[in-house]
Amino acid sequence: MSNDTNRRDFIGYSFAAVAAVGGGFALVGMKRAWDPLPSVLAGGFTTIDLTPMKPGKPETFEWRGKPIFVLKKSESMDNSERDLIVGKERFTVAIGLCTHLGCIPAWKKDTWKCACHGGQFNASGTQTFGPPPRPLDLPPFSVEGNTIVLGNEGPEFKKIAAFLATQA
Ligand code: FES
C-alpha cells in the first residue's frame, strides 16, 4: 500500500468520524425539538390550594390557556348539586369563558356578568340571564386533600359532570 493510499484512507476515516459525531448532535437536536417543552408538560396540570380562599371572593387561575374560576361559596349563597364539597366548604369550579361566545365574565357582587352581550351566571355557574345557552363549563379536576388538580378527572369531577349532563 502506498503512502498516498494510506493518507487517503486516513482522510476518509476522519471525515466519517466527523460526520458520525455531527450526525449524533443532529439527532440530539431533533429529539430536543420534538420533545414537549418543560412549560408544556407543566401546563398539563394546575394545582390550586383552596386553603387561603375567602368566602364570596372568586379567584381566577390559568389552566391550558383558559381562565378557571374557583369560588368558595359564602353562607348566603345557594347550595347546588354542582358544588364541590371539600371538608365543610362548598366551591364552584368553572371554566371562565361565557358559554355564549366565549368572552370572560367578570364577578360583580354575587354574579358573573358577561360584558359582551349581557349574559349572567350565578355563584353556582348557572346561566340566569341573557344569551348563554348553558352553565359555565366544568374543567376536569381531582381533589387531593385541600387542593384541586386541574387536568385530572377525579370522582368529584365525574359526579358534578354527570349532574350537569342532566341539565343540558
Ligand atoms: S359572549 Fe357572553 S353573553 Fe355573549
# chains A, B, ... in the order shown; residues from 1 in each chain; ligands from 1
$ residues_around --residues "stretch 69-79 of chain A" --least-positions-apart "4" --cutoff "8 Å" --atoms "only C-alpha atoms" --output "ChimeraX atom specification"
/A:53-61,83,89-96,123-124
$ closest_atom_pairs --of "chain A" --to "ligand 1" --cutoff "9 Å" --atoms "only C-alpha atoms and all ligand atoms" --output "tab-separated table"
residue	atom	partner	partner_atom_place_in_ligand_line	distance
A:Leu97	CA	ligand 1	2 (Fe)	7.9
A:Cys98	CA	ligand 1	2 (Fe)	4.6
A:Thr99	CA	ligand 1	2 (Fe)	6.6
A:His100	CA	ligand 1	1 (S)	4.6
A:Leu101	CA	ligand 1	1 (S)	3.9
A:Gly102	CA	ligand 1	1 (S)	5.0
A:Cys103	CA	ligand 1	1 (S)	4.7
A:Ile104	CA	ligand 1	2 (Fe)	7.3
A:Pro105	CA	ligand 1	2 (Fe)	6.9
A:Lys113	CA	ligand 1	2 (Fe)	7.9
A:Cys114	CA	ligand 1	2 (Fe)	4.6
A:Ala115	CA	ligand 1	2 (Fe)	6.6
A:Cys116	CA	ligand 1	4 (Fe)	5.0
A:His117	CA	ligand 1	3 (S)	3.9
A:Gly118	CA	ligand 1	3 (S)	5.0
A:Gly119	CA	ligand 1	3 (S)	3.9
A:Gln120	CA	ligand 1	3 (S)	7.3
A:Phe129	CA	ligand 1	3 (S)	8.8
A:Gly130	CA	ligand 1	3 (S)	6.3
A:Pro131	CA	ligand 1	3 (S)	5.4
A:Pro132	CA	ligand 1	3 (S)	5.7
$ atom_distance --atom1 "atom CA of A:Ala162" --atom2 "atom CA of A:Lys109"
29.0 Å
$ atom_distance --atom1 "atom CA of A:Ala168" --atom2 "atom CA of A:Ser80"
15.5 Å
$ residues_around --residues "A:Thr111" --least-positions-apart "4" --cutoff "9 Å" --atoms "only C-alpha atoms" --output "list in words"
Ala106, Trp107, Gln120, Phe121, Asn122, Ala123 and Gly125 of chain A
$ closest_residue --among "A:Ala165, A:Ile160, A:Pro67, A:Thr126" --to "A:Ser142" --atoms "only C-alpha atoms"
A:Ile160
$ atom_distance --atom1 "atom CA of A:Asn152" --atom2 "atom CA of A:Thr51"
19.7 Å
$ select_by_dssp --residues "stretch 23-139 of chain A" --states "strand (DSSP E)" --output "JSON, numbers by chain"
{"A": [46, 47, 48, 49, 59, 60, 61, 62, 63, 66, 67, 68, 69, 70, 71, 72, 84, 85, 86, 89, 90, 91, 92, 93, 94, 95, 106, 107, 108, 111, 112, 113, 120, 121, 127, 128, 129]}
$ closest_residue --among "A:Ile68, A:Leu136, A:Ile148, A:Ile48" --to "A:Leu84" --atoms "only C-alpha atoms"
A:Ile148
